[in-house]
>>> print(open('data-v4.tsv').read())   # TSV, C-alpha atoms
chain	number	residue	atom	x	y	z
A	24	MET	CA	22.74	-5.73	16.43
A	25	ARG	CA	23.35	-8.26	13.67
A	26	ARG	CA	23.52	-6.57	10.29
A	27	GLU	CA	21.58	-9.35	8.56
A	28	PHE	CA	18.55	-8.47	10.71
A	29	LEU	CA	18.36	-4.91	9.33
A	30	VAL	CA	15.56	-4.25	6.88
A	31	ALA	CA	14.41	-1.12	5.00
A	32	GLY	CA	11.08	-0.23	3.44
A	33	LEU	CA	10.77	2.41	0.74
A	34	ASP	CA	7.53	4.02	-0.48
A	35	LEU	CA	7.99	6.11	-3.62
A	36	GLY	CA	4.92	8.32	-3.81
A	37	SER	CA	3.85	11.14	-6.12
A	38	THR	CA	4.52	13.88	-3.56
A	39	LYS	CA	6.73	12.21	-0.94
A	40	THR	CA	9.27	9.41	-0.67
A	41	CYS	CA	9.12	7.73	2.75
A	42	ALA	CA	11.73	5.34	4.16
A	43	VAL	CA	11.73	3.20	7.30
A	44	ILE	CA	14.69	1.22	8.67
A	45	ALA	CA	14.00	-1.46	11.25
A	46	GLU	CA	15.45	-4.47	13.00
A	47	ALA	CA	13.66	-7.75	12.37
A	48	THR	CA	12.26	-9.29	15.55
A	49	GLY	CA	10.08	-12.24	16.48
A	50	ASP	CA	10.18	-15.52	14.61
A	51	ALA	CA	9.16	-16.89	11.22
A	52	ARG	CA	5.56	-17.39	12.35
A	53	LEU	CA	5.08	-14.00	14.01
A	54	PRO	CA	7.63	-11.57	12.60
A	55	GLY	CA	7.93	-8.05	13.94
A	56	ALA	CA	9.90	-4.91	13.21
A	57	LYS	CA	11.66	-2.63	15.70
A	58	VAL	CA	11.74	0.78	14.02
A	59	LEU	CA	15.17	2.42	14.23
A	60	GLY	CA	14.87	5.33	11.83
A	61	VAL	CA	12.53	7.07	9.40
A	62	GLY	CA	13.05	9.56	6.61
A	63	ALA	CA	10.89	11.52	4.19
A	64	ALA	CA	11.60	13.73	1.20
A	65	ARG	CA	9.44	15.73	-1.14
A	66	ALA	CA	9.24	14.10	-4.56
A	67	SER	CA	7.86	14.86	-7.99
A	68	GLY	CA	9.43	12.16	-10.14
A	69	VAL	CA	6.64	9.61	-9.76
A	70	ARG	CA	3.13	10.08	-11.13
A	71	ARG	CA	0.32	7.60	-10.47
A	72	GLY	CA	2.80	4.90	-9.53
A	73	VAL	CA	5.02	5.31	-12.62
A	74	VAL	CA	8.52	6.83	-12.55
A	75	ARG	CA	8.52	9.83	-14.90
A	76	ASP	CA	11.89	11.31	-13.90
A	77	ILE	CA	14.58	8.86	-12.78
A	78	GLU	CA	17.02	11.55	-11.59
A	79	GLU	CA	14.41	13.34	-9.45
A	80	THR	CA	13.18	10.04	-8.03
A	81	SER	CA	16.74	8.96	-7.19
A	82	ARG	CA	17.36	12.28	-5.45
A	83	SER	CA	14.32	11.82	-3.20
A	84	VAL	CA	15.36	8.22	-2.43
A	85	VAL	CA	18.85	9.36	-1.41
A	86	GLN	CA	17.46	12.06	0.89
A	87	ALA	CA	14.82	9.86	2.54
A	88	MET	CA	17.14	6.88	3.01
A	89	ARG	CA	20.04	8.97	4.34
A	90	ASP	CA	17.75	10.68	6.86
A	91	ALA	CA	16.52	7.27	8.02
A	92	GLU	CA	20.09	5.92	8.18
A	93	ARG	CA	21.26	8.91	10.25
A	94	MET	CA	18.41	8.44	12.72
A	95	ALA	CA	19.06	4.70	12.96
A	96	GLY	CA	22.84	5.03	13.12
A	97	VAL	CA	23.25	2.27	10.53
A	98	GLN	CA	23.58	1.87	6.79
A	99	VAL	CA	21.62	-0.52	4.60
A	100	ALA	CA	22.35	-1.88	1.15
A	101	ALA	CA	18.86	-2.88	-0.05
A	102	ALA	CA	15.23	-1.92	0.45
A	103	PHE	CA	11.84	-3.54	-0.04
A	104	CYS	CA	9.92	-1.21	-2.34
A	105	GLY	CA	6.20	-0.67	-2.75
A	106	ILE	CA	4.58	-0.47	-6.16
A	107	ALA	CA	1.03	0.49	-7.17
A	108	GLY	CA	-0.89	2.38	-9.82
A	109	GLU	CA	-3.04	1.90	-12.88
A	110	HIS	CA	-0.43	-0.37	-14.45
A	111	VAL	CA	-1.17	-3.02	-11.80
A	112	THR	CA	-3.66	-5.64	-12.94
A	113	ALA	CA	-5.25	-8.55	-11.11
A	114	ARG	CA	-7.14	-11.64	-12.22
A	115	THR	CA	-8.29	-15.00	-10.94
A	116	SER	CA	-6.82	-18.21	-12.34
A	117	THR	CA	-7.59	-21.85	-11.56
A	118	GLY	CA	-5.30	-24.87	-11.43
A	119	LEU	CA	-5.96	-28.62	-11.39
A	120	ALA	CA	-3.60	-31.51	-10.59
A	121	SER	CA	-3.90	-35.15	-9.66
A	122	VAL	CA	-2.59	-36.40	-6.30
A	123	THR	CA	0.04	-39.08	-6.79
A	124	GLY	CA	0.45	-40.44	-3.24
A	125	GLU	CA	-1.83	-41.59	-0.44
A	126	GLU	CA	-2.13	-38.05	0.90
A	127	ILE	CA	-1.51	-34.53	-0.39
A	128	VAL	CA	2.06	-33.35	0.19
A	129	ARG	CA	3.67	-29.94	-0.27
A	130	ALA	CA	4.95	-30.96	-3.71
A	131	ASP	CA	1.35	-31.53	-4.84
A	132	VAL	CA	0.36	-28.08	-3.57
A	133	ASP	CA	3.32	-26.46	-5.33
A	134	ARG	CA	2.44	-28.31	-8.54
A	135	VAL	CA	-1.19	-27.14	-8.62
A	136	ASP	CA	0.00	-23.60	-7.79
A	137	ASP	CA	2.36	-23.75	-10.75
A	138	VAL	CA	-0.50	-24.79	-13.03
A	139	ALA	CA	-2.60	-21.81	-11.89
A	140	THR	CA	0.25	-19.34	-12.40
A	141	ALA	CA	1.29	-20.69	-15.82
A	142	VAL	CA	-0.87	-18.21	-17.72
A	143	THR	CA	-0.12	-15.51	-20.25
A	144	LEU	CA	-0.05	-12.18	-18.45
A	145	GLY	CA	-0.11	-10.12	-21.58
A	146	ARG	CA	2.49	-8.05	-23.29
A	147	ASP	CA	5.00	-6.27	-21.05
A	148	HIS	CA	3.67	-7.58	-17.74
A	149	GLU	CA	5.38	-9.55	-14.98
A	150	LEU	CA	3.90	-11.51	-12.10
A	151	LEU	CA	4.17	-9.72	-8.75
A	152	HIS	CA	2.13	-11.93	-6.39
A	153	HIS	CA	0.17	-15.16	-6.67
A	154	ILE	CA	-2.18	-15.56	-3.72
A	155	PRO	CA	-4.28	-18.73	-3.23
A	156	GLN	CA	-7.94	-17.90	-2.56
A	157	GLU	CA	-9.04	-21.44	-1.79
A	158	TYR	CA	-8.18	-25.07	-2.51
A	159	LYS	CA	-10.58	-27.89	-3.36
A	160	VAL	CA	-9.97	-31.57	-2.67
A	161	ASP	CA	-12.19	-33.88	-4.73
A	162	GLY	CA	-14.62	-30.98	-5.24
A	163	GLN	CA	-14.83	-29.96	-1.56
A	164	GLY	CA	-13.91	-26.27	-1.29
A	165	GLY	CA	-13.10	-23.72	1.37
A	166	ILE	CA	-9.71	-25.27	2.18
A	167	SER	CA	-6.81	-22.93	3.01
A	168	ASP	CA	-4.04	-25.58	3.20
A	169	PRO	CA	-4.69	-29.06	1.78
A	170	ALA	CA	-1.34	-30.56	2.83
A	171	GLY	CA	-1.87	-33.79	4.78
A	172	MET	CA	-5.40	-34.39	3.46
A	173	THR	CA	-6.50	-37.46	1.52
A	174	GLY	CA	-7.82	-37.08	-2.00
A	175	LEU	CA	-7.30	-37.78	-5.69
A	176	ARG	CA	-8.00	-34.39	-7.29
A	177	LEU	CA	-6.57	-31.05	-6.13
A	178	GLU	CA	-7.77	-27.67	-7.39
A	179	VAL	CA	-6.82	-24.09	-6.54
A	180	GLU	CA	-8.30	-20.67	-7.23
A	181	MET	CA	-5.40	-18.23	-7.47
A	182	TYR	CA	-5.38	-14.44	-7.40
A	183	LEU	CA	-2.66	-13.18	-9.73
A	184	VAL	CA	-1.30	-9.64	-9.40
A	185	SER	CA	0.92	-8.40	-12.22
A	186	VAL	CA	2.66	-5.11	-13.00
A	187	GLN	CA	3.88	-3.49	-16.18
A	188	SER	CA	7.47	-4.64	-16.68
A	189	THR	CA	8.77	-1.25	-17.79
A	190	ALA	CA	7.23	0.46	-14.75
A	191	ALA	CA	8.89	-2.09	-12.45
A	192	GLN	CA	12.23	-1.79	-14.26
A	193	ASN	CA	12.26	2.00	-14.07
A	194	LEU	CA	11.45	1.92	-10.36
A	195	ARG	CA	14.32	-0.51	-9.77
A	196	LYS	CA	16.63	1.66	-11.88
A	197	ALA	CA	15.77	4.80	-9.88
A	198	VAL	CA	16.48	3.05	-6.57
A	199	GLU	CA	19.71	1.49	-7.86
A	200	ARG	CA	20.90	4.86	-9.15
A	201	ALA	CA	20.46	6.14	-5.59
A	202	GLY	CA	22.92	3.47	-4.44
A	203	TYR	CA	20.53	0.81	-3.10
A	204	ARG	CA	19.32	-2.53	-4.35
A	205	VAL	CA	15.67	-3.53	-4.56
A	206	ALA	CA	15.30	-6.60	-2.34
A	207	ASP	CA	11.77	-7.15	-3.66
A	208	LEU	CA	8.76	-5.29	-5.07
A	209	VAL	CA	5.55	-5.54	-3.05
A	210	LEU	CA	2.06	-4.33	-3.94
A	211	GLU	CA	1.53	-1.28	-1.72
A	212	PRO	CA	-1.97	-2.14	-0.44
A	213	LEU	CA	-0.79	-5.58	0.64
A	214	ALA	CA	2.14	-4.04	2.49
A	215	ALA	CA	-0.12	-1.48	4.17
A	216	ALA	CA	-2.54	-4.25	5.17
A	217	LEU	CA	0.25	-5.99	7.09
A	218	ALA	CA	0.69	-2.92	9.26
A	219	VAL	CA	-2.86	-1.60	9.76
A	220	LEU	CA	-5.53	-4.30	9.29
A	221	THR	CA	-6.69	-6.75	11.93
A	222	GLU	CA	-7.51	-10.39	11.28
A	223	GLU	CA	-11.16	-9.67	12.14
A	224	GLU	CA	-11.40	-6.86	9.58
A	225	LYS	CA	-10.00	-9.03	6.80
A	226	GLU	CA	-12.32	-11.88	7.76
A	227	LEU	CA	-15.51	-9.80	8.03
A	228	GLY	CA	-14.78	-7.75	4.93
A	229	CYS	CA	-13.24	-4.31	4.58
A	230	ALA	CA	-11.84	-1.90	2.01
A	231	LEU	CA	-8.38	-0.40	2.42
A	232	VAL	CA	-8.42	3.02	0.73
A	233	GLU	CA	-4.99	4.59	0.22
A	234	LEU	CA	-5.41	8.31	-0.43
A	235	GLY	CA	-2.13	9.16	-2.13
A	236	GLY	CA	-0.93	12.26	-3.92
A	237	GLY	CA	-1.20	10.90	-7.46
A	238	SER	CA	-3.68	8.04	-7.18
A	239	THR	CA	-6.24	6.50	-4.84
A	240	ASN	CA	-5.74	2.76	-4.40
A	241	VAL	CA	-8.65	0.56	-3.33
A	242	THR	CA	-8.24	-2.99	-2.06
A	243	VAL	CA	-11.01	-5.28	-0.78
A	244	PHE	CA	-10.44	-8.04	1.76
A	245	LYS	CA	-13.10	-10.60	2.65
A	246	ASP	CA	-13.03	-14.03	4.26
A	247	GLY	CA	-9.40	-13.39	5.15
A	248	LYS	CA	-8.26	-12.98	1.53
A	249	ILE	CA	-7.64	-10.17	-0.94
A	250	ARG	CA	-10.56	-10.03	-3.38
A	251	HIS	CA	-10.28	-6.87	-5.46
A	252	VAL	CA	-7.63	-4.29	-6.42
A	253	ALA	CA	-8.14	-0.99	-8.24
A	254	SER	CA	-6.38	2.34	-8.75
A	255	LEU	CA	-8.21	5.62	-9.39
A	256	ARG	CA	-6.75	8.72	-11.03
A	257	PHE	CA	-8.28	11.27	-8.66
A	258	ALA	CA	-6.21	11.89	-5.53
A	259	GLY	CA	-4.59	14.48	-3.27
A	260	SER	CA	-2.98	16.41	-6.14
A	261	HIS	CA	-6.48	17.25	-7.42
A	262	VAL	CA	-7.39	18.70	-4.01
A	263	THR	CA	-4.27	20.89	-4.16
A	264	SER	CA	-5.08	22.04	-7.72
A	265	ASP	CA	-8.60	22.99	-6.62
A	266	LEU	CA	-7.14	25.16	-3.84
A	267	VAL	CA	-4.81	26.86	-6.34
A	268	GLN	CA	-7.80	27.79	-8.52
A	269	GLY	CA	-10.23	28.58	-5.72
A	270	LEU	CA	-7.95	30.66	-3.50
A	271	GLY	CA	-5.53	32.14	-6.04
A	272	VAL	CA	-2.39	30.77	-4.40
A	273	THR	CA	0.67	28.93	-5.67
A	274	GLN	CA	0.93	25.14	-5.75
A	275	ALA	CA	3.39	25.14	-2.82
A	276	ASP	CA	1.20	27.47	-0.75
A	277	ALA	CA	-1.89	25.40	-1.53
A	278	GLU	CA	-0.11	22.27	-0.29
A	279	ARG	CA	0.90	24.02	2.94
A	280	LEU	CA	-2.62	25.36	3.50
A	281	LYS	CA	-4.05	21.88	2.98
A	282	GLU	CA	-1.64	20.30	5.45
A	283	ARG	CA	-1.88	22.96	8.17
A	284	MET	CA	-5.45	24.25	7.96
A	285	GLY	CA	-7.29	21.80	5.72
A	286	VAL	CA	-10.46	20.00	6.81
A	287	ALA	CA	-12.24	17.40	4.70
A	288	TYR	CA	-15.65	17.72	6.39
A	289	MET	CA	-17.22	21.18	6.41
A	290	PRO	CA	-19.46	20.78	9.49
A	291	LEU	CA	-16.31	20.58	11.65
A	292	VAL	CA	-15.33	24.18	10.84
A	293	ASP	CA	-16.46	27.31	12.67
A	294	PRO	CA	-18.21	29.47	9.99
A	295	GLU	CA	-16.68	32.64	11.49
A	296	GLU	CA	-13.07	31.44	11.63
A	297	LEU	CA	-10.66	33.37	9.37
A	298	ILE	CA	-7.28	32.27	7.99
A	299	GLU	CA	-4.40	34.26	6.54
A	300	LEU	CA	-3.75	33.59	2.86
A	301	PRO	CA	-0.28	33.81	1.32
A	302	SER	CA	-0.02	36.98	-0.73
A	303	THR	CA	2.21	38.63	-3.30
A	304	PRO	CA	3.28	42.30	-3.15
A	305	GLY	CA	0.61	43.06	-5.73
A	306	GLN	CA	-2.16	41.37	-3.76
A	307	GLY	CA	-1.37	42.67	-0.29
A	308	PRO	CA	-2.53	40.99	2.96
A	309	ARG	CA	-5.46	38.63	2.41
A	310	GLN	CA	-7.83	36.66	4.58
A	311	ALA	CA	-10.48	34.07	3.85
A	312	LYS	CA	-12.95	32.07	5.85
A	313	ARG	CA	-11.60	28.67	6.80
A	314	GLU	CA	-15.01	27.39	5.77
A	315	LEU	CA	-14.13	28.22	2.14
A	316	LEU	CA	-10.94	26.15	2.38
A	317	ALA	CA	-12.93	23.29	3.90
A	318	HIS	CA	-15.65	23.59	1.26
A	319	ILE	CA	-13.14	23.18	-1.59
A	320	ILE	CA	-11.51	20.16	0.05
A	321	HIS	CA	-14.85	18.64	1.07
A	322	GLN	CA	-16.21	18.79	-2.47
A	323	ARG	CA	-13.22	17.06	-4.06
A	324	MET	CA	-12.88	14.44	-1.30
A	325	ASP	CA	-16.60	13.72	-1.62
A	326	GLU	CA	-16.07	13.13	-5.35
A	327	ILE	CA	-13.09	10.83	-4.70
A	328	PHE	CA	-15.06	8.79	-2.16
A	329	GLY	CA	-17.95	8.65	-4.63
A	330	LEU	CA	-15.63	7.12	-7.24
A	331	VAL	CA	-14.39	4.61	-4.66
A	332	HIS	CA	-18.01	3.69	-3.89
A	333	THR	CA	-18.65	3.12	-7.61
A	334	GLU	CA	-15.52	0.96	-7.82
A	335	LEU	CA	-16.78	-1.15	-4.92
A	336	SER	CA	-20.26	-1.39	-6.46
A	337	ASN	CA	-19.07	-2.93	-9.75
A	338	PRO	CA	-17.92	-6.23	-8.20
A	339	GLY	CA	-20.77	-6.10	-5.68
A	340	TYR	CA	-18.87	-5.12	-2.51
A	341	ALA	CA	-20.60	-1.80	-1.77
A	342	ASN	CA	-22.61	-2.00	1.47
A	343	ARG	CA	-21.37	-5.57	1.96
A	344	LEU	CA	-18.22	-4.91	3.98
A	345	PRO	CA	-19.16	-5.06	7.69
A	346	ALA	CA	-15.72	-3.90	8.89
A	347	GLY	CA	-16.05	-0.80	6.70
A	348	MET	CA	-13.39	1.51	5.30
A	349	ILE	CA	-9.81	1.87	6.53
A	350	LEU	CA	-8.14	5.05	5.23
A	351	THR	CA	-4.37	5.34	4.77
A	352	GLY	CA	-2.02	7.59	2.83
A	353	GLY	CA	-1.38	11.30	3.22
A	354	GLY	CA	-4.99	12.24	2.41
A	355	ALA	CA	-6.22	10.22	5.38
A	356	GLN	CA	-4.42	12.66	7.70
A	357	LEU	CA	-6.87	15.44	6.83
A	358	PRO	CA	-9.20	16.15	9.78
A	359	GLY	CA	-12.71	15.09	8.87
A	360	ALA	CA	-11.71	12.45	6.32
A	361	VAL	CA	-13.13	9.67	8.50
A	362	GLU	CA	-16.37	11.57	9.14
A	363	LEU	CA	-16.86	12.20	5.43
A	364	ALA	CA	-16.13	8.55	4.63
A	365	ARG	CA	-18.77	7.40	7.12
A	366	GLU	CA	-21.31	9.70	5.48
A	367	VAL	CA	-20.52	8.73	1.88
A	368	PHE	CA	-20.21	4.97	2.40
A	369	ALA	CA	-22.82	4.66	5.18
A	370	ALA	CA	-20.36	2.26	6.81
A	371	PRO	CA	-17.83	2.21	9.65
A	372	ALA	CA	-14.58	4.05	8.91
A	373	ARG	CA	-11.29	4.63	10.66
A	374	THR	CA	-7.79	5.89	9.96
A	375	GLY	CA	-5.23	3.13	9.40
A	376	VAL	CA	-1.98	3.78	11.27
A	377	PRO	CA	0.85	1.25	11.65
A	378	GLY	CA	0.66	-0.76	14.84
A	379	ARG	CA	0.59	-4.51	14.22
A	380	GLY	CA	4.00	-5.99	14.93
A	381	ILE	CA	5.70	-2.58	15.17
A	382	THR	CA	7.96	-1.68	18.13
A	383	GLY	CA	10.85	0.73	18.70
A	384	LEU	CA	10.28	4.31	17.50
A	385	VAL	CA	6.56	3.67	17.11
A	386	ASP	CA	5.65	7.36	17.35
A	387	SER	CA	7.73	8.08	14.24
A	388	VAL	CA	5.53	5.89	12.03
A	389	GLN	CA	2.12	6.34	13.65
A	390	ALA	CA	0.68	8.27	10.72
A	391	PRO	CA	-1.35	7.03	7.73
A	392	ARG	CA	1.39	8.02	5.27
A	393	TYR	CA	3.73	5.47	6.88
A	394	ALA	CA	1.36	2.52	6.45
A	395	VAL	CA	3.15	1.29	3.31
A	396	PRO	CA	6.82	1.59	4.44
A	397	ALA	CA	5.94	0.14	7.86
A	398	GLY	CA	4.25	-2.80	6.14
A	399	LEU	CA	7.28	-3.23	3.89
A	400	VAL	CA	9.65	-3.63	6.85
A	401	LEU	CA	7.26	-6.21	8.32
A	402	TYR	CA	7.39	-8.04	5.01
A	403	GLY	CA	11.17	-7.79	5.02
A	404	ALA	CA	11.38	-8.87	8.66
A	405	ARG	CA	9.91	-12.24	7.73
A	406	HIS	CA	12.75	-12.64	5.23
A	407	ARG	CA	15.37	-11.83	7.87
A	408	VAL	CA	14.06	-14.01	10.70
A	409	SER	CA	13.73	-16.94	8.31
A	410	GLY	CA	17.49	-17.29	8.58
A	411	ALA	CA	18.52	-15.70	5.29
A	412	GLN	CA	22.19	-14.80	5.31
A	413	GLY	CA	23.16	-11.66	3.43
A	414	ASP	CA	21.27	-10.35	0.43
A	415	THR	CA	22.43	-12.75	-2.30
A	416	ALA	CA	20.11	-14.99	-4.29
A	417	VAL	CA	17.22	-12.77	-3.29
A	418	GLY	CA	14.62	-14.55	-5.41
A	419	ARG	CA	15.48	-17.97	-3.94
A	420	ILE	CA	15.64	-16.68	-0.38
A	421	LEU	CA	12.32	-14.87	-0.65
A	422	ALA	CA	10.38	-17.98	-1.73
A	423	PRO	CA	9.32	-18.79	1.87
A	424	VAL	CA	8.48	-15.13	2.42
A	425	ARG	CA	6.08	-15.16	-0.52
A	426	ARG	CA	4.45	-18.32	0.81
A	427	TRP	CA	3.93	-16.62	4.17
A	428	PHE	CA	2.66	-13.49	2.43
A	429	GLN	CA	0.15	-15.58	0.49
A	430	ASP	CA	-0.92	-17.42	3.64
A	431	PHE	CA	-1.38	-14.10	5.43
A	432	PHE	CA	-3.97	-13.05	2.86
>>> encode(input="data-v4.tsv", output="structure tokens")
Amino acid sequence: MRREFLVAGLDLGSTKTCAVIAEATGDARLPGAKVLGVGAARASGVRRGVVRDIEETSRSVVQAMRDAERMAGVQVAAAFCGIAGEHVTARTSTGLASVTGEEIVRADVDRVDDVATAVTLGRDHELLHHIPQEYKVDGQGGISDPAGMTGLRLEVEMYLVSVQSTAAQNLRKAVERAGYRVADLVLEPLAAALAVLTEEEKELGCALVELGGGSTNVTVFKDGKIRHVASLRFAGSHVTSDLVQGLGVTQADAERLKERMGVAYMPLVDPEELIELPSTPGQGPRQAKRELLAHIIHQRMDEIFGLVHTELSNPGYANRLPAGMILTGGGAQLPGAVELAREVFAAPARTGVPGRGITGLVDSVQAPRYAVPAGLVLYGARHRVSGAQGDTAVGRILAPVRRWFQDFF
């Protein structure tokens, strides 16, 4: 195996840090990733996408990456890292340029893209992605790639995604302190989309809902492009807190109960089924109906989905996404999450698990919580199979990757 074809994806979540190491396969047009190793570690240093404790975050990165390296039997120097949260902002920008030659060439396209991205992002923000929505040639729209066409006037509508600079810098610092370099930062929903969404879903219109521990990220795709990004405060940690209050258990026990016995849709539970509750010497042995556990989870998940529905309603996407809702993240692993989503959104729903372009130890990543790191290695695979040698001059090398990433959406 050639070392330059190794790629790692790192998802720093509020409750878990997940790492995937893979070998880049395929070619520049259809990249793939052969999974060699995975690792996961409990984490508490990140909250709603922002690093709050660099030392704790670094510790979880070391554990997750070393577990993945041991499984893969290799070592890596850099990782592609996901980033998301309320500090991420998105806006649409337009660009206009005149065509100098007889037909539009790549330099003309790059020039109009530069015009659209030359905007003030606001204090303490840096550009993460610029994704063309459509091009217009002499006023005729709906064009995805104008190169080779004839025209005098070229316009572009660009979707700009930016992140808070300090949040990005602290994430990089935490990863570097763990002994790894950040090859690139990638918006988590876009990475997840690479691994779990089909071309038909993005074309028809769908919402990717990442149910994380600290935040719920919502991303809308329609007509093959990303159209809307949002991050909500309510997430899996609120479900756990509700169980602490409702059942009188510790935070750790509530998390275990949620993972092992939790159900997000009450009708799926037998009303007579009993579960053993963790107890202290003062409490003694305790039991409760599993229906009570499901009721607590159901109520909070229903509220979270209701907030997602409101978020989709504001820009007018509610009930206008024929491909429905695709659920990823740890919260999507709860039994009944899909059934509840179908009821709340009155739309198709499914769980998003990595599959597109993934080979090797597929079983190790076929869970919603691995959607982001699996997507990150697919993103990194495109970098590797493009012929990049080593990891130097990362920004220059990744320019063709970003173009492919923009074309993909």
>>> residues_around(input="data-v4.tsv", residues="A:Val400", least_positions_apart="3", cutoff="7 Å", atoms="only C-alpha atoms", output="PyMOL selection string")
chain A and resi 30-32+45+56+396-397+403-404
>>> write_last_selection(input="data-v4.tsv", atoms="C-alpha atoms", output="PDB file, keeping the file's coordinate frame")
ATOM      1  CA  VAL A  30      15.560  -4.250   6.880  1.00  0.00           C
ATOM      2  CA  ALA A  31      14.410  -1.120   5.000  1.00  0.00           C
ATOM      3  CA  GLY A  32      11.080  -0.230   3.440  1.00  0.00           C
ATOM      4  CA  ALA A  45      14.000  -1.460  11.250  1.00  0.00           C
ATOM      5  CA  ALA A  56       9.900  -4.910  13.210  1.00  0.00           C
ATOM      6  CA  PRO A 396       6.820   1.590   4.440  1.00  0.00           C
ATOM      7  CA  ALA A 397       5.940   0.140   7.860  1.00  0.00           C
ATOM      8  CA  GLY A 403      11.170  -7.790   5.020  1.00  0.00           C
ATOM      9  CA  ALA A 404      11.380  -8.870   8.660  1.00  0.00           C
TER      10      ALA A 404
END
>>> atom_distance(input="data-v4.tsv", atom1="atom CA of A:Glu180", atom2="atom CA of A:Ala214")
21.9 Å
>>> closest_residue(input="data-v4.tsv", among="A:Glu299, A:Tyr340, A:Pro358, A:Glu211", to="A:Glu282", atoms="all atoms listed in the file")
A:Pro358
>>> atom_distance(input="data-v4.tsv", atom1="atom CA of A:Arg323", atom2="atom CA of A:Ser302")
24.1 Å
>>> residues_around(input="data-v4.tsv", residues="A:Glu222", least_positions_apart="5", cutoff="12 Å", atoms="all atoms listed in the file", output="JSON, numbers by chain")
{"A": [216, 217, 227, 228, 229, 244, 245, 246, 247, 248, 346, 379, 431, 432]}
>>> atom_distance(input="data-v4.tsv", atom1="atom CA of A:Gly164", atom2="atom CA of A:Thr117")
12.8 Å
>>> closest_atom_pairs(input="data-v4.tsv", of="stretch 318-404 of chain A", to="stretch 187-209 of chain A", cutoff="10 Å", atoms="only C-alpha atoms", output="Markdown table")
| residue | atom | partner | partner_atom | distance |
| --- | --- | --- | --- | --- |
| A:Val395 | CA | A:Val209 | CA | 9.6 |
| A:Gly398 | CA | A:Val209 | CA | 9.7 |
| A:Leu399 | CA | A:Val209 | CA | 7.5 |
| A:Tyr402 | CA | A:Val209 | CA | 8.6 |
| A:Gly403 | CA | A:Ala206 | CA | 8.5 |
>>> axis_aligned_box(input="data-v4.tsv", around="stretch 62-75 of chain A", padding_each_side="4 Å", output="AutoDock Vina command-line options")
--center_x 6.7 --center_y 10.3 --center_z -4.1 --size_x 20.7 --size_y 18.8 --size_z 29.5
>>> residues_around(input="data-v4.tsv", residues="A:Val388", least_positions_apart="5", cutoff="9 Å", atoms="only C-alpha atoms", output="list in words")
Val43, Val58, Val61, Val376, Pro377, Gly378, Tyr393, Ala394, Pro396 and Ala397 of chain A
>>> write_last_selection(input="data-v4.tsv", atoms="C-alpha atoms", output="PDB file, keeping the file's coordinate frame")
ATOM      1  CA  VAL A  43      11.730   3.200   7.300  1.00  0.00           C
ATOM      2  CA  VAL A  58      11.740   0.780  14.020  1.00  0.00           C
ATOM      3  CA  VAL A  61      12.530   7.070   9.400  1.00  0.00           C
ATOM      4  CA  VAL A 376      -1.980   3.780  11.270  1.00  0.00           C
ATOM      5  CA  PRO A 377       0.850   1.250  11.650  1.00  0.00           C
ATOM      6  CA  GLY A 378       0.660  -0.760  14.840  1.00  0.00           C
ATOM      7  CA  TYR A 393       3.730   5.470   6.880  1.00  0.00           C
ATOM      8  CA  ALA A 394       1.360   2.520   6.450  1.00  0.00           C
ATOM      9  CA  PRO A 396       6.820   1.590   4.440  1.00  0.00           C
ATOM     10  CA  ALA A 397       5.940   0.140   7.860  1.00  0.00           C
TER      11      ALA A 397
END
>>> closest_residue(input="data-v4.tsv", among="A:Ser37, A:Ala277, A:Phe28, A:Gln98", to="A:Asp76", atoms="all atoms listed in the file")
A:Ser37
>>> closest_residue(input="data-v4.tsv", among="A:Cys41, A:Leu270, A:Pro391, A:Gly259", to="A:Gln310", atoms="all atoms listed in the file")
A:Leu270
>>> closest_residue(input="data-v4.tsv", among="A:Asp161, A:Glu46, A:Asp90, A:Glu27", to="A:Leu384", atoms="all atoms listed in the file")
A:Glu46
>>> decode(input="data-v4.tsv", residues="stretch 323-328 of chain A", atoms="N, CA, C and O atoms", output="mmCIF file, in the first residue's frame")
data_model
loop_
_atom_site.group_PDB
_atom_site.id
_atom_site.type_symbol
_atom_site.label_atom_id
_atom_site.label_comp_id
_atom_site.auth_asym_id
_atom_site.auth_seq_id
_atom_site.Cartn_x
_atom_site.Cartn_y
_atom_site.Cartn_z
ATOM 1 N N ARG A 323 -39.091 14.458 23.858
ATOM 2 C CA ARG A 323 -37.998 15.368 23.496
ATOM 3 C C ARG A 323 -37.658 15.260 22.008
ATOM 4 O O ARG A 323 -37.420 16.274 21.350
ATOM 5 N N MET A 324 -37.657 14.052 21.463
ATOM 6 C CA MET A 324 -37.361 13.888 20.034
ATOM 7 C C MET A 324 -38.455 14.538 19.188
ATOM 8 O O MET A 324 -38.175 15.132 18.141
ATOM 9 N N ASP A 325 -39.694 14.455 19.656
ATOM 10 C CA ASP A 325 -40.793 15.107 18.955
ATOM 11 C C ASP A 325 -40.581 16.621 18.930
ATOM 12 O O ASP A 325 -40.830 17.282 17.912
ATOM 13 N N GLU A 326 -40.096 17.164 20.053
ATOM 14 C CA GLU A 326 -39.820 18.604 20.117
ATOM 15 C C GLU A 326 -38.686 18.980 19.157
ATOM 16 O O GLU A 326 -38.754 19.997 18.452
ATOM 17 N N ILE A 327 -37.622 18.165 19.139
ATOM 18 C CA ILE A 327 -36.492 18.439 18.250
ATOM 19 C C ILE A 327 -36.934 18.412 16.790
ATOM 20 O O ILE A 327 -36.609 19.317 16.007
ATOM 21 N N PHE A 328 -37.710 17.400 16.421
ATOM 22 C CA PHE A 328 -38.199 17.318 15.040
ATOM 23 C C PHE A 328 -39.134 18.487 14.719
ATOM 24 O O PHE A 328 -39.171 18.979 13.595
#
